[in-house]
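One structure is given below, encoded as structure tokens.
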Amino acid sequence: MNLDRYAVIGNPIEHSKSPWIHARFAEQTGEPVEYGRILGTIGAFAQDVRTFIEAGGRGMNVTVPFKLDAHALAESLTPRAAAAGAVNTLAFTVDGIRGDNTDGIGIVRDIEQNLGVRLEGARILLLGAGGAARGVVLPMFEKKPAALTIVNRTAAKAHQLVDQFADAAEAAHVRFSGGGANSVEAGPYDVIVNATAGSLDAALPDCDDGVYGPGSLAYDMMYSPQPTVFMRHAEALGARASDGLGMLVEQAAESFFVWRGVRPDGGVVLRELRKVLSAQA
Ligand code: ATR
């Protein structure tokens, strides 16, 4: 059988779980998909993508550190990729290279469907104001939370995001504000999302402990085999905590849907992946 080729590109890439996830999606849906991994060359991302297209590639997932390069390379962007300012999904079509971003819908689906927490009417605190945070703002507004507050170490970057999305917040009737760690509205919050790069170096983003409570979900966008420092801190204050493994699976499911028009069941694959990873631990 002829298989359509896809791949994830990043640097480093050897530990990527995307090939495993997409292989399961292909099995589950019966789609003729083959999905590999490509170690991208720093400074030559566009060439790597073109080489893959010439070899028959149909689409790519893009991970660290190439999401901005992919945004620059795309000949057209979906509205959600334009708003995020970053691309994690490329589709190679007759109309050229199309850039999309499925990260935001990935986290929203994981929180609502896999973790069972409704965002409608919720008070959400977003820690961080970089690329990862920017990508989740609009998908969260779509769920009509009561409030979204952005807190960042560098207050000016939180203010920039508030300016960028002020009109969208008004249209969605979401109370929307942001600033430095001392500007946060009193907690506890229903959902606290760690979108800082802090977990990479085991740093806890600075924030009042009162934001976490027994009814809170503390969600770390990072995945690591052990609970992150953010997750442990939130749990010590009575909150429920989750890592970002489900977001990884759900963003992959949305990319698969973008390419194939068929939506795999992310929840099933997430449970399988957790089993595999805990057996390895
Ligand atoms: P990404 O694309 O992963 O979001 P980024 O755009 O470089 O990466 O943004 C990194 C985010 O993590 C920023 O919000 C950054 O805060 P600053 O804007 O103040 O730099 C945040 N961050 C990184 N390390 C942090 C740490 N040790 N504590 C708190 N915030 C941190």
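Going by the structure tokens order, chains are called A, B, ..., each with residues numbered from 1, while ligands are numbered from 1 in the order shown.
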
DSSP strand (DSSP E) selection over region 212-264 of chain A, as number ranges by chain: A: 217-220, 240-242

Test item: residues no farther than 7 Å from ligand 1, counting only C-alpha atoms and all ligand atoms, as a VMD selection string: chain A and resid 128 to 133 152 to 154 157 195 to 198 203 to 206

Closest-contact table, region 205-268 of chain A side, partner region 25-36 of chain A, 9 Å, counting only C-alpha atoms, as JSON lines:
{"residue": "A:Ala253", "atom": "CA", "partner": "A:Phe25", "partner_atom": "CA", "distance": 7.6}
{"residue": "A:Phe256", "atom": "CA", "partner": "A:Phe25", "partner_atom": "CA", "distance": 7.9}
{"residue": "A:Arg260", "atom": "CA", "partner": "A:Glu31", "partner_atom": "CA", "distance": 7.8}
{"residue": "A:Val262", "atom": "CA", "partner": "A:Thr29", "partner_atom": "CA", "distance": 7.5}
{"residue": "A:Arg263", "atom": "CA", "partner": "A:Thr29", "partner_atom": "CA", "distance": 8.1}
{"residue": "A:Pro264", "atom": "CA", "partner": "A:Phe25", "partner_atom": "CA", "distance": 5.7}
{"residue": "A:Asp265", "atom": "CA", "partner": "A:Phe25", "partner_atom": "CA", "distance": 7.7}
{"residue": "A:Gly266", "atom": "CA", "partner": "A:Phe25", "partner_atom": "CA", "distance": 8.2}

Residue among A:Asp110, A:Glu54, A:Asp167, A:Glu185 lying closest to Gly267 (chain A), counting only C-alpha atoms: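 When distances to Gly267 (chain A) are compared using only C-alpha atoms, the smallest one comes from A:Asp110.
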
For Leu125 (chain A): contacts at 8 Å, only C-alpha atoms, fewer than 3 positions along chain excluded, given as a ChimeraX atom specification: /A:148-151,189,191-193

All helix (DSSP H, G or I) residues (DSSP, backbone) inside region 19-262 of chain A, as an NGL selection string: :A and (19-29 or 45-54 or 67-73 or 79-84 or 103-114 or 131-141 or 155-164 or 166-172 or 181-183 or 197-201 or 209-211 or 229-236 or 245-260)

Residue with smallest distance to Ala241 (chain A) - pool A:Thr102, A:Met140, A:Leu115, A:Gln280, counting only C-alpha atoms: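 Checking each of A:Thr102, A:Met140, A:Leu115, A:Gln280 against Ala241 (chain A), counting only C-alpha atoms, the winner is A:Leu115.
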
Point-to-point distance in Å for CA of Ala202 (chain A) and CA of Gln226 (chain A):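 Result for CA of Gln226 (chain A) versus CA of Ala202 (chain A): 11.3 Å, one decimal.
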